[in-house]
file work.cif (mmCIF, C-alpha atoms and all ligand atoms; chains and numbers go by the auth columns)
data_target
loop_
_atom_site.group_PDB
_atom_site.id
_atom_site.type_symbol
_atom_site.label_atom_id
_atom_site.label_comp_id
_atom_site.label_asym_id
_atom_site.label_seq_id
_atom_site.Cartn_x
_atom_site.Cartn_y
_atom_site.Cartn_z
_atom_site.B_iso_or_equiv
_atom_site.auth_seq_id
_atom_site.auth_asym_id
ATOM 1 C CA MET A 1 0.226 -15.076 -12.946 0.00 1 D
ATOM 2 C CA ARG A 2 0.505 -11.909 -10.824 0.00 2 D
ATOM 3 C CA LYS A 3 1.251 -12.282 -7.123 0.00 3 D
ATOM 4 C CA THR A 4 -1.097 -11.069 -4.396 0.00 4 D
ATOM 5 C CA VAL A 5 0.007 -8.474 -1.857 0.00 5 D
ATOM 6 C CA ILE A 6 -2.103 -7.932 1.261 0.00 6 D
ATOM 7 C CA ALA A 7 -0.743 -4.971 3.194 0.00 7 D
ATOM 8 C CA GLY A 8 -1.760 -3.310 6.457 0.00 8 D
ATOM 9 C CA ASN A 9 -0.885 0.355 6.858 0.00 9 D
ATOM 10 C CA TRP A 10 -0.857 1.112 10.564 0.00 10 D
ATOM 11 C CA LYS A 11 -0.407 4.854 9.962 0.00 11 D
ATOM 12 C CA MET A 12 0.343 6.708 13.241 0.00 12 D
ATOM 13 C CA HIS A 13 -0.836 3.866 15.476 0.00 13 D
ATOM 14 C CA MET A 14 0.939 1.298 17.673 0.00 14 D
ATOM 15 C CA THR A 15 3.733 1.625 20.164 0.00 15 D
ATOM 16 C CA CYS A 16 6.380 -1.114 20.350 0.00 16 D
ATOM 17 C CA ALA A 17 4.415 -2.689 23.209 0.00 17 D
ATOM 18 C CA SER A 18 1.143 -2.742 21.271 0.00 18 D
ATOM 19 C CA ALA A 19 2.909 -4.023 18.142 0.00 19 D
ATOM 20 C CA LYS A 20 4.258 -6.940 20.178 0.00 20 D
ATOM 21 C CA GLU A 21 0.824 -7.673 21.617 0.00 21 D
ATOM 22 C CA TYR A 22 -0.622 -7.602 18.093 0.00 22 D
ATOM 23 C CA MET A 23 1.954 -10.056 16.811 0.00 23 D
ATOM 24 C CA ASP A 24 1.320 -12.433 19.733 0.00 24 D
ATOM 25 C CA THR A 25 -2.093 -12.957 18.107 0.00 25 D
ATOM 26 C CA PHE A 26 -1.235 -12.420 14.438 0.00 26 D
ATOM 27 C CA ILE A 27 1.832 -14.645 14.006 0.00 27 D
ATOM 28 C CA PRO A 28 0.062 -17.871 15.100 0.00 28 D
ATOM 29 C CA LEU A 29 -2.885 -16.997 12.806 0.00 29 D
ATOM 30 C CA SER A 30 -0.510 -16.321 9.899 0.00 30 D
ATOM 31 C CA LYS A 31 0.534 -19.977 9.840 0.00 31 D
ATOM 32 C CA GLU A 32 -2.853 -20.741 8.252 0.00 32 D
ATOM 33 C CA PHE A 33 -2.480 -18.247 5.397 0.00 33 D
ATOM 34 C CA PRO A 34 -2.197 -19.814 1.925 0.00 34 D
ATOM 35 C CA SER A 35 1.388 -19.458 0.691 0.00 35 D
ATOM 36 C CA ASP A 36 0.340 -17.700 -2.544 0.00 36 D
ATOM 37 C CA ARG A 37 -0.084 -14.340 -0.810 0.00 37 D
ATOM 38 C CA HIS A 38 2.486 -11.838 0.342 0.00 38 D
ATOM 39 C CA ILE A 39 1.587 -10.356 3.696 0.00 39 D
ATOM 40 C CA VAL A 40 2.963 -6.942 4.604 0.00 40 D
ATOM 41 C CA VAL A 41 2.614 -4.676 7.634 0.00 41 D
ATOM 42 C CA ALA A 42 3.644 -1.027 7.619 0.00 42 D
ATOM 43 C CA PRO A 43 4.217 0.083 11.222 0.00 43 D
ATOM 44 C CA PRO A 44 5.345 3.533 12.339 0.00 44 D
ATOM 45 C CA PHE A 45 9.152 3.895 12.172 0.00 45 D
ATOM 46 C CA THR A 46 9.580 3.420 15.925 0.00 46 D
ATOM 47 C CA ALA A 47 8.087 -0.097 15.824 0.00 47 D
ATOM 48 C CA ILE A 48 10.065 -1.342 12.808 0.00 48 D
ATOM 49 C CA SER A 49 12.966 -2.697 14.820 0.00 49 D
ATOM 50 C CA THR A 50 10.657 -4.513 17.254 0.00 50 D
ATOM 51 C CA LEU A 51 8.785 -6.084 14.349 0.00 51 D
ATOM 52 C CA ALA A 52 12.006 -7.044 12.575 0.00 52 D
ATOM 53 C CA SER A 53 12.922 -9.253 15.547 0.00 53 D
ATOM 54 C CA LEU A 54 9.425 -10.657 16.031 0.00 54 D
ATOM 55 C CA LEU A 55 8.859 -11.496 12.362 0.00 55 D
ATOM 56 C CA LYS A 56 12.099 -13.363 11.701 0.00 56 D
ATOM 57 C CA GLY A 57 11.264 -16.737 10.182 0.00 57 D
ATOM 58 C CA THR A 58 7.642 -15.808 9.415 0.00 58 D
ATOM 59 C CA GLN A 59 6.070 -15.050 6.016 0.00 59 D
ATOM 60 C CA ILE A 60 5.184 -11.512 7.135 0.00 60 D
ATOM 61 C CA ASN A 61 7.086 -8.665 5.480 0.00 61 D
ATOM 62 C CA ILE A 62 7.694 -5.159 6.777 0.00 62 D
ATOM 63 C CA SER A 63 6.998 -1.975 4.859 0.00 63 D
ATOM 64 C CA SER A 64 7.942 1.549 5.838 0.00 64 D
ATOM 65 C CA GLN A 65 5.394 4.331 5.474 0.00 65 D
ATOM 66 C CA ASN A 66 7.837 6.536 3.599 0.00 66 D
ATOM 67 C CA VAL A 67 11.390 6.698 2.235 0.00 67 D
ATOM 68 C CA HIS A 68 13.622 9.579 1.205 0.00 68 D
ATOM 69 C CA TRP A 69 15.548 9.803 -2.051 0.00 69 D
ATOM 70 C CA GLU A 70 18.900 10.578 -0.458 0.00 70 D
ATOM 71 C CA ILE A 71 21.050 8.080 1.425 0.00 71 D
ATOM 72 C CA ASP A 72 21.706 10.576 4.217 0.00 72 D
ATOM 73 C CA GLY A 73 21.835 14.325 4.778 0.00 73 D
ATOM 74 C CA ALA A 74 20.119 17.281 6.421 0.00 74 D
ATOM 75 C CA PHE A 75 16.523 16.127 5.967 0.00 75 D
ATOM 76 C CA THR A 76 14.888 16.396 9.385 0.00 76 D
ATOM 77 C CA ALA A 77 12.031 13.911 9.946 0.00 77 D
ATOM 78 C CA GLU A 78 12.879 11.833 6.874 0.00 78 D
ATOM 79 C CA ILE A 79 14.167 8.261 6.642 0.00 79 D
ATOM 80 C CA SER A 80 16.601 6.793 4.126 0.00 80 D
ATOM 81 C CA PRO A 81 16.749 3.402 2.389 0.00 81 D
ATOM 82 C CA PRO A 82 19.802 2.051 4.297 0.00 82 D
ATOM 83 C CA MET A 83 18.101 2.853 7.616 0.00 83 D
ATOM 84 C CA LEU A 84 15.177 0.675 6.550 0.00 84 D
ATOM 85 C CA LEU A 85 17.180 -2.106 4.938 0.00 85 D
ATOM 86 C CA GLU A 86 19.126 -2.543 8.166 0.00 86 D
ATOM 87 C CA HIS A 87 15.840 -3.765 9.710 0.00 87 D
ATOM 88 C CA ASN A 88 14.827 -6.119 6.896 0.00 88 D
ATOM 89 C CA VAL A 89 12.236 -3.731 5.509 0.00 89 D
ATOM 90 C CA ARG A 90 11.164 -4.897 2.021 0.00 90 D
ATOM 91 C CA TYR A 91 8.477 -2.423 0.918 0.00 91 D
ATOM 92 C CA ALA A 92 8.044 1.359 1.185 0.00 92 D
ATOM 93 C CA ILE A 93 4.706 3.163 0.856 0.00 93 D
ATOM 94 C CA VAL A 94 5.086 6.397 -1.120 0.00 94 D
ATOM 95 C CA GLY A 95 2.554 8.981 -2.228 0.00 95 D
ATOM 96 C CA HIS A 96 -0.146 8.107 0.267 0.00 96 D
ATOM 97 C CA SER A 97 -2.991 10.635 0.137 0.00 97 D
ATOM 98 C CA GLU A 98 -2.307 11.737 3.727 0.00 98 D
ATOM 99 C CA PRO A 99 1.225 13.117 3.079 0.00 99 D
ATOM 100 C CA ARG A 100 -0.047 14.376 -0.296 0.00 100 D
ATOM 101 C CA LYS A 101 -2.749 16.334 1.559 0.00 101 D
ATOM 102 C CA TYR A 102 -1.106 17.316 4.862 0.00 102 D
ATOM 103 C CA PHE A 103 2.460 17.887 3.631 0.00 103 D
ATOM 104 C CA SER A 104 1.764 18.846 0.009 0.00 104 D
ATOM 105 C CA GLU A 105 3.805 15.964 -1.407 0.00 105 D
ATOM 106 C CA SER A 106 4.126 16.391 -5.157 0.00 106 D
ATOM 107 C CA ASP A 107 4.109 13.712 -7.861 0.00 107 D
ATOM 108 C CA GLU A 108 7.726 14.655 -8.544 0.00 108 D
ATOM 109 C CA GLN A 109 8.793 13.974 -4.939 0.00 109 D
ATOM 110 C CA ILE A 110 6.795 10.759 -4.909 0.00 110 D
ATOM 111 C CA ASN A 111 8.566 9.644 -8.054 0.00 111 D
ATOM 112 C CA LEU A 112 11.967 10.395 -6.483 0.00 112 D
ATOM 113 C CA ARG A 113 10.987 8.344 -3.445 0.00 113 D
ATOM 114 C CA ALA A 114 9.839 5.410 -5.607 0.00 114 D
ATOM 115 C CA ARG A 115 13.035 5.471 -7.678 0.00 115 D
ATOM 116 C CA SER A 116 15.260 5.688 -4.623 0.00 116 D
ATOM 117 C CA ALA A 117 13.398 2.786 -3.023 0.00 117 D
ATOM 118 C CA GLN A 118 13.921 0.624 -6.105 0.00 118 D
ATOM 119 C CA ALA A 119 17.548 1.617 -6.521 0.00 119 D
ATOM 120 C CA SER A 120 18.306 0.361 -3.043 0.00 120 D
ATOM 121 C CA GLY A 121 16.293 -2.836 -3.229 0.00 121 D
ATOM 122 C CA LEU A 122 12.997 -1.800 -1.626 0.00 122 D
ATOM 123 C CA ILE A 123 9.683 -2.354 -3.415 0.00 123 D
ATOM 124 C CA PRO A 124 7.693 0.897 -3.542 0.00 124 D
ATOM 125 C CA ILE A 125 3.927 0.840 -3.000 0.00 125 D
ATOM 126 C CA VAL A 126 2.912 3.925 -4.956 0.00 126 D
ATOM 127 C CA CYS A 127 -0.486 5.281 -3.886 0.00 127 D
ATOM 128 C CA VAL A 128 -2.813 7.130 -6.229 0.00 128 D
ATOM 129 C CA GLY A 129 -6.445 8.198 -6.006 0.00 129 D
ATOM 130 C CA GLU A 130 -8.896 11.003 -6.571 0.00 130 D
ATOM 131 C CA SER A 131 -10.816 13.200 -4.109 0.00 131 D
ATOM 132 C CA ILE A 132 -14.606 13.242 -3.978 0.00 132 D
ATOM 133 C CA GLU A 133 -14.662 16.682 -5.644 0.00 133 D
ATOM 134 C CA GLN A 134 -12.514 15.430 -8.514 0.00 134 D
ATOM 135 C CA ARG A 135 -14.772 12.389 -8.939 0.00 135 D
ATOM 136 C CA GLU A 136 -17.911 14.531 -8.921 0.00 136 D
ATOM 137 C CA ARG A 137 -16.422 16.852 -11.534 0.00 137 D
ATOM 138 C CA GLY A 138 -15.701 13.828 -13.753 0.00 138 D
ATOM 139 C CA GLU A 139 -11.939 14.275 -13.373 0.00 139 D
ATOM 140 C CA ALA A 140 -11.096 11.021 -11.577 0.00 140 D
ATOM 141 C CA GLU A 141 -9.517 9.253 -14.535 0.00 141 D
ATOM 142 C CA ARG A 142 -7.458 12.262 -15.595 0.00 142 D
ATOM 143 C CA VAL A 143 -6.164 12.817 -12.031 0.00 143 D
ATOM 144 C CA ILE A 144 -5.257 9.176 -11.494 0.00 144 D
ATOM 145 C CA ARG A 145 -3.588 8.920 -14.885 0.00 145 D
ATOM 146 C CA ARG A 146 -1.402 11.951 -14.131 0.00 146 D
ATOM 147 C CA GLN A 147 -0.428 10.553 -10.717 0.00 147 D
ATOM 148 C CA VAL A 148 0.424 7.185 -12.263 0.00 148 D
ATOM 149 C CA GLU A 149 2.406 8.576 -15.179 0.00 149 D
ATOM 150 C CA GLN A 150 4.412 11.041 -13.083 0.00 150 D
ATOM 151 C CA GLY A 151 4.822 8.718 -10.120 0.00 151 D
ATOM 152 C CA LEU A 152 6.130 5.847 -12.234 0.00 152 D
ATOM 153 C CA GLU A 153 8.457 7.809 -14.496 0.00 153 D
ATOM 154 C CA GLN A 154 11.769 5.949 -14.932 0.00 154 D
ATOM 155 C CA THR A 155 10.779 3.189 -12.523 0.00 155 D
ATOM 156 C CA GLU A 156 11.079 -0.526 -13.082 0.00 156 D
ATOM 157 C CA LEU A 157 7.486 -1.664 -13.535 0.00 157 D
ATOM 158 C CA SER A 158 8.141 -5.262 -12.522 0.00 158 D
ATOM 159 C CA ASN A 159 9.382 -4.146 -9.133 0.00 159 D
ATOM 160 C CA LEU A 160 6.636 -1.992 -7.663 0.00 160 D
ATOM 161 C CA VAL A 161 3.051 -2.038 -6.505 0.00 161 D
ATOM 162 C CA ILE A 162 0.401 0.576 -7.293 0.00 162 D
ATOM 163 C CA ALA A 163 -2.278 1.136 -4.662 0.00 163 D
ATOM 164 C CA TYR A 164 -5.482 2.675 -5.992 0.00 164 D
ATOM 165 C CA GLU A 165 -6.969 4.440 -2.974 0.00 165 D
ATOM 166 C CA PRO A 166 -9.858 6.794 -3.745 0.00 166 D
ATOM 167 C CA ILE A 167 -9.546 9.446 -1.038 0.00 167 D
ATOM 168 C CA TRP A 168 -13.281 9.501 -0.356 0.00 168 D
ATOM 169 C CA ALA A 169 -13.140 5.804 0.584 0.00 169 D
ATOM 170 C CA ILE A 170 -10.259 6.151 3.088 0.00 170 D
ATOM 171 C CA GLY A 171 -11.338 5.896 6.702 0.00 171 D
ATOM 172 C CA THR A 172 -14.928 6.726 5.805 0.00 172 D
ATOM 173 C CA GLY A 173 -16.484 3.260 5.764 0.00 173 D
ATOM 174 C CA LYS A 174 -17.533 4.024 2.142 0.00 174 D
ATOM 175 C CA THR A 175 -15.796 1.352 0.081 0.00 175 D
ATOM 176 C CA CYS A 176 -15.543 2.021 -3.609 0.00 176 D
ATOM 177 C CA GLU A 177 -17.924 -0.419 -5.278 0.00 177 D
ATOM 178 C CA ALA A 178 -15.856 -3.492 -6.238 0.00 178 D
ATOM 179 C CA ASN A 179 -16.699 -3.300 -9.957 0.00 179 D
ATOM 180 C CA GLU A 180 -15.707 0.368 -10.078 0.00 180 D
ATOM 181 C CA ALA A 181 -12.433 -0.303 -8.205 0.00 181 D
ATOM 182 C CA ASN A 182 -11.759 -3.112 -10.660 0.00 182 D
ATOM 183 C CA ARG A 183 -12.494 -0.851 -13.622 0.00 183 D
ATOM 184 C CA ILE A 184 -10.020 1.787 -12.427 0.00 184 D
ATOM 185 C CA CYS A 185 -7.345 -0.832 -11.687 0.00 185 D
ATOM 186 C CA GLY A 186 -7.849 -2.214 -15.209 0.00 186 D
ATOM 187 C CA LEU A 187 -7.505 1.281 -16.676 0.00 187 D
ATOM 188 C CA ILE A 188 -4.273 1.893 -14.739 0.00 188 D
ATOM 189 C CA ARG A 189 -2.817 -1.354 -16.088 0.00 189 D
ATOM 190 C CA GLN A 190 -3.865 -0.364 -19.607 0.00 190 D
ATOM 191 C CA TRP A 191 -2.381 3.167 -19.355 0.00 191 D
ATOM 192 C CA VAL A 192 0.897 1.817 -18.040 0.00 192 D
ATOM 193 C CA GLY A 193 0.893 -0.898 -20.704 0.00 193 D
ATOM 194 C CA PHE A 194 2.446 -3.570 -18.519 0.00 194 D
ATOM 195 C CA PRO A 195 0.149 -6.589 -18.015 0.00 195 D
ATOM 196 C CA ASP A 196 2.075 -7.872 -14.973 0.00 196 D
ATOM 197 C CA LEU A 197 1.779 -4.576 -13.050 0.00 197 D
ATOM 198 C CA LEU A 198 0.648 -5.278 -9.471 0.00 198 D
ATOM 199 C CA ILE A 199 -2.317 -3.156 -8.395 0.00 199 D
ATOM 200 C CA GLN A 200 -3.942 -3.042 -4.980 0.00 200 D
ATOM 201 C CA TYR A 201 -7.200 -1.451 -3.936 0.00 201 D
ATOM 202 C CA GLY A 202 -7.380 0.530 -0.667 0.00 202 D
ATOM 203 C CA GLY A 203 -10.183 2.359 1.145 0.00 203 D
ATOM 204 C CA SER A 204 -12.421 0.904 3.879 0.00 204 D
ATOM 205 C CA VAL A 205 -11.370 -2.688 3.191 0.00 205 D
ATOM 206 C CA LYS A 206 -12.679 -4.950 5.937 0.00 206 D
ATOM 207 C CA PRO A 207 -13.454 -8.608 6.644 0.00 207 D
ATOM 208 C CA SER A 208 -16.986 -8.164 5.275 0.00 208 D
ATOM 209 C CA ASN A 209 -15.949 -6.921 1.810 0.00 209 D
ATOM 210 C CA ILE A 210 -12.535 -8.512 1.213 0.00 210 D
ATOM 211 C CA ASP A 211 -13.845 -11.648 -0.504 0.00 211 D
ATOM 212 C CA GLU A 212 -15.775 -9.624 -3.079 0.00 212 D
ATOM 213 C CA ILE A 213 -12.877 -7.231 -3.709 0.00 213 D
ATOM 214 C CA MET A 214 -10.372 -10.044 -4.181 0.00 214 D
ATOM 215 C CA SER A 215 -12.682 -11.840 -6.611 0.00 215 D
ATOM 216 C CA LYS A 216 -12.117 -9.046 -9.168 0.00 216 D
ATOM 217 C CA SER A 217 -9.786 -9.799 -12.053 0.00 217 D
ATOM 218 C CA ASP A 218 -7.740 -6.574 -12.040 0.00 218 D
ATOM 219 C CA ILE A 219 -7.227 -6.299 -8.254 0.00 219 D
ATOM 220 C CA ASP A 220 -4.096 -8.033 -6.998 0.00 220 D
ATOM 221 C CA GLY A 221 -4.315 -7.191 -3.332 0.00 221 D
ATOM 222 C CA VAL A 222 -5.339 -4.573 -0.824 0.00 222 D
ATOM 223 C CA LEU A 223 -3.841 -1.792 1.272 0.00 223 D
ATOM 224 C CA VAL A 224 -5.768 -1.751 4.531 0.00 224 D
ATOM 225 C CA GLY A 225 -5.821 1.019 7.129 0.00 225 D
ATOM 226 C CA GLY A 226 -8.240 0.850 10.062 0.00 226 D
ATOM 227 C CA ALA A 227 -9.134 -2.828 9.787 0.00 227 D
ATOM 228 C CA SER A 228 -5.453 -3.835 9.860 0.00 228 D
ATOM 229 C CA LEU A 229 -5.110 -2.493 13.425 0.00 229 D
ATOM 230 C CA ASP A 230 -6.953 -5.494 14.796 0.00 230 D
ATOM 231 C CA ALA A 231 -4.912 -8.695 14.432 0.00 231 D
ATOM 232 C CA LYS A 232 -7.935 -10.963 13.977 0.00 232 D
ATOM 233 C CA ASN A 233 -9.556 -8.700 11.394 0.00 233 D
ATOM 234 C CA PHE A 234 -6.344 -8.402 9.411 0.00 234 D
ATOM 235 C CA ALA A 235 -5.848 -12.161 9.586 0.00 235 D
ATOM 236 C CA ARG A 236 -9.345 -12.645 8.150 0.00 236 D
ATOM 237 C CA ILE A 237 -8.497 -10.207 5.357 0.00 237 D
ATOM 238 C CA ALA A 238 -5.236 -12.026 4.618 0.00 238 D
ATOM 239 C CA ASN A 239 -7.220 -15.259 4.585 0.00 239 D
ATOM 240 C CA TYR A 240 -9.701 -14.015 1.979 0.00 240 D
ATOM 241 C CA GLN A 241 -11.650 -16.676 0.153 0.00 241 D
ATOM 242 C CA ILE A 242 -12.544 -16.630 -3.503 0.00 242 D
ATOM 243 C CA LYS A 243 -15.753 -18.501 -4.078 0.00 243 D
HETATM 244 P P1 LIG B . -8.841 2.626 5.640 0.00 301 I
HETATM 245 O O1 LIG B . -8.745 1.128 5.371 0.00 301 I
HETATM 246 O O2 LIG B . -8.870 2.951 7.094 0.00 301 I
HETATM 247 O O3 LIG B . -9.949 3.233 4.849 0.00 301 I
HETATM 248 O O4 LIG B . -7.478 3.281 5.102 0.00 301 I
HETATM 249 C C1 LIG B . -7.018 2.973 3.829 0.00 301 I
HETATM 250 C C2 LIG B . -5.638 3.486 3.678 0.00 301 I
HETATM 251 O O5 LIG B . -5.416 4.685 3.666 0.00 301 I
HETATM 252 C C3 LIG B . -4.545 2.511 3.578 0.00 301 I
HETATM 253 O O6 LIG B . -3.362 3.108 3.213 0.00 301 I
#
call {"tool": "encode", "arguments": {"input": "work.cif", "output": "structure tokens"}}
result
Amino acid sequence: MRKTVIAGNWKMHMTCASAKEYMDTFIPLSKEFPSDRHIVVAPPFTAISTLASLLKGTQINISSQNVHWEIDGAFTAEISPPMLLEHNVRYAIVGHSEPRKYFSESDEQINLRARSAQASGLIPIVCVGESIEQRERGEAERVIRRQVEQGLEQTELSNLVIAYEPIWAIGTGKTCEANEANRICGLIRQWVGFPDLLIQYGGSVKPSNIDEIMSKSDIDGVLVGGASLDAKNFARIANYQIK
């Protein structure tokens, strides 16, 4: 039985003060979440320490939004595994489409980040997904397969999460149809050849579509952007119901 991981990626949102305000609402609501699901929030680096104190003794885990492959060194603007582990961070998002697009992150760098995360005890959330142009040209499967194969090279498959996030569904309100998201997640699991691989869907997940998405057999969780910025919405997502 694969576990479920419900993660909120706050991206470049939330000061320490707003993160605290959020948790004043979210922590009490989290007490009602069924214990079978792992809840994760990925704040900006500056709010990690604040969250580490607030979340002690709760079932809510912290993820970083990135991690470097070196332990320390001259890498301006980067963050290393020990810096995150010091604050009880458990997960690290790598290969999100935004750094892929804005900072030209390569599959090779993403793979180094994932391996470094695992080597130091963090669980990487490795993001993959095609652009609208690639989908329209019929290249979606080839693109995703390449990202998966290169991103996961020499990683431990039982200790990571893949997030399938079609770029055209991110922040657009256009969710990928649940059956199509499920089909791609199933393909990823088949290509990798590891039945217990954890795979999330991400892209315009919200309270109104979470129940349908989570009812699909190959989707083990979600990576939520915009809708995770509101504590009540994210609590509803974490509390998804399968009918
Ligand atoms: P949205 O939920 O805002 O579409 O963002 C998805 C995402 O990029 C999560 O990492």
call {"tool": "closest_atom_pairs", "arguments": {"input": "work.cif", "of": "region 176-229 of chain D", "to": "region 129-132 of chain D", "cutoff": "10 Å", "atoms": "all atoms listed in the file", "output": "Markdown table"}}
result
| residue | atom | partner | partner_atom | distance |
| --- | --- | --- | --- | --- |
| D:Ile184 | CA | D:Gly129 | CA | 9.8 |
| D:Tyr201 | CA | D:Gly129 | CA | 9.9 |
| D:Gly202 | CA | D:Gly129 | CA | 9.4 |
| D:Gly203 | CA | D:Gly129 | CA | 10.0 |
call {"tool": "resolve_selection", "arguments": {"input": "work.cif", "expression": "the PyMOL selection byres (((chain D and resi 113) around 10) and not hetatm)", "output": "NGL selection string"}}
result
:D and (66-70 or 80-81 or 92-95 or 107-112 or 114-119 or 124 or 126 or 151)
call {"tool": "residues_near_ligand", "arguments": {"input": "work.cif", "ligand": "ligand LIG 301 (chain I)", "cutoff": "6 Å", "atoms": "only C-alpha atoms and all ligand atoms", "output": "PyMOL selection string"}}
result
chain D and resi 9+169-171+202-205+223-227
call {"tool": "closest_residue", "arguments": {"input": "work.cif", "among": "D:Ile60, D:Ala52, D:Ala47, D:Ala163", "to": "Ile188 (chain D)", "atoms": "all atoms listed in the file"}}
result
D:Ala163
call {"tool": "closest_residue", "arguments": {"input": "work.cif", "among": "D:Ser228, D:Thr58, D:Thr15, D:Thr46", "to": "Phe33 (chain D)", "atoms": "all atoms listed in the file"}}
result
D:Thr58
call {"tool": "residues_around", "arguments": {"input": "work.cif", "residues": "Glu133 (chain D)", "least_positions_apart": "3", "cutoff": "12 Å", "atoms": "only C-alpha atoms", "output": "mmCIF file with C-alpha atoms, in the frame of the given file"}}
result
data_model
loop_
_atom_site.group_PDB
_atom_site.id
_atom_site.type_symbol
_atom_site.label_atom_id
_atom_site.label_comp_id
_atom_site.auth_asym_id
_atom_site.auth_seq_id
_atom_site.Cartn_x
_atom_site.Cartn_y
_atom_site.Cartn_z
ATOM 1 C CA GLY D 129 -6.445 8.198 -6.006
ATOM 2 C CA GLU D 130 -8.896 11.003 -6.571
ATOM 3 C CA GLU D 136 -17.911 14.531 -8.921
ATOM 4 C CA ARG D 137 -16.422 16.852 -11.534
ATOM 5 C CA GLY D 138 -15.701 13.828 -13.753
ATOM 6 C CA GLU D 139 -11.939 14.275 -13.373
ATOM 7 C CA ALA D 140 -11.096 11.021 -11.577
ATOM 8 C CA VAL D 143 -6.164 12.817 -12.031
ATOM 9 C CA PRO D 166 -9.858 6.794 -3.745
ATOM 10 C CA ILE D 167 -9.546 9.446 -1.038
ATOM 11 C CA TRP D 168 -13.281 9.501 -0.356
#
call {"tool": "residues_near_point", "arguments": {"input": "work.cif", "point": "(5.6, 1.5, 11.6)", "cutoff": "10 Å", "atoms": "all atoms listed in the file", "output": "PyMOL selection string"}}
result
chain D and resi 9-16+19+41-51+62-66
call {"tool": "atom_distance", "arguments": {"input": "work.cif", "atom1": "CA of Glu32 (chain D)", "atom2": "CA of Lys20 (chain D)"}}
result
19.6 Å
call {"tool": "residues_near_point", "arguments": {"input": "work.cif", "point": "(10.8, -8.9, -22.2)", "cutoff": "12 Å", "atoms": "all atoms listed in the file", "output": "list of chain:residue names"}}
result
D:Leu157, D:Ser158, D:Phe194, D:Pro195, D:Asp196
call {"tool": "closest_residue", "arguments": {"input": "work.cif", "among": "D:His96, D:Lys174, D:His38, D:Arg189", "to": "Ile125 (chain D)", "atoms": "all atoms listed in the file"}}
result
D:His96
call {"tool": "closest_residue", "arguments": {"input": "work.cif", "among": "D:Gln150, D:Gln59, D:Asn209, D:Ser106", "to": "Pro28 (chain D)", "atoms": "only C-alpha atoms"}}
result
D:Gln59
call {"tool": "residues_around", "arguments": {"input": "work.cif", "residues": "Asp36 (chain D)", "least_positions_apart": "5", "cutoff": "12 Å", "atoms": "all atoms listed in the file", "output": "list in words"}}
result
Met1, Arg2, Lys3, Thr4, Val5, Ile6, Gln59, Asp220, Gly221, Ala238, Asn239 and Tyr240 of chain D
call {"tool": "closest_residue", "arguments": {"input": "work.cif", "among": "D:Val161, D:Ala181, D:Leu187, D:Ala231", "to": "Met214 (chain D)", "atoms": "all atoms listed in the file"}}
result
D:Ala181
call {"tool": "closest_residue", "arguments": {"input": "work.cif", "among": "D:Ile213, D:Leu122, D:Ile144, D:Leu54", "to": "Glu165 (chain D)", "atoms": "all atoms listed in the file"}}
result
D:Ile144
call {"tool": "atom_distance", "arguments": {"input": "work.cif", "atom1": "CA of Asn182 (chain D)", "atom2": "CA of Ile199 (chain D)"}}
result
9.7 Å
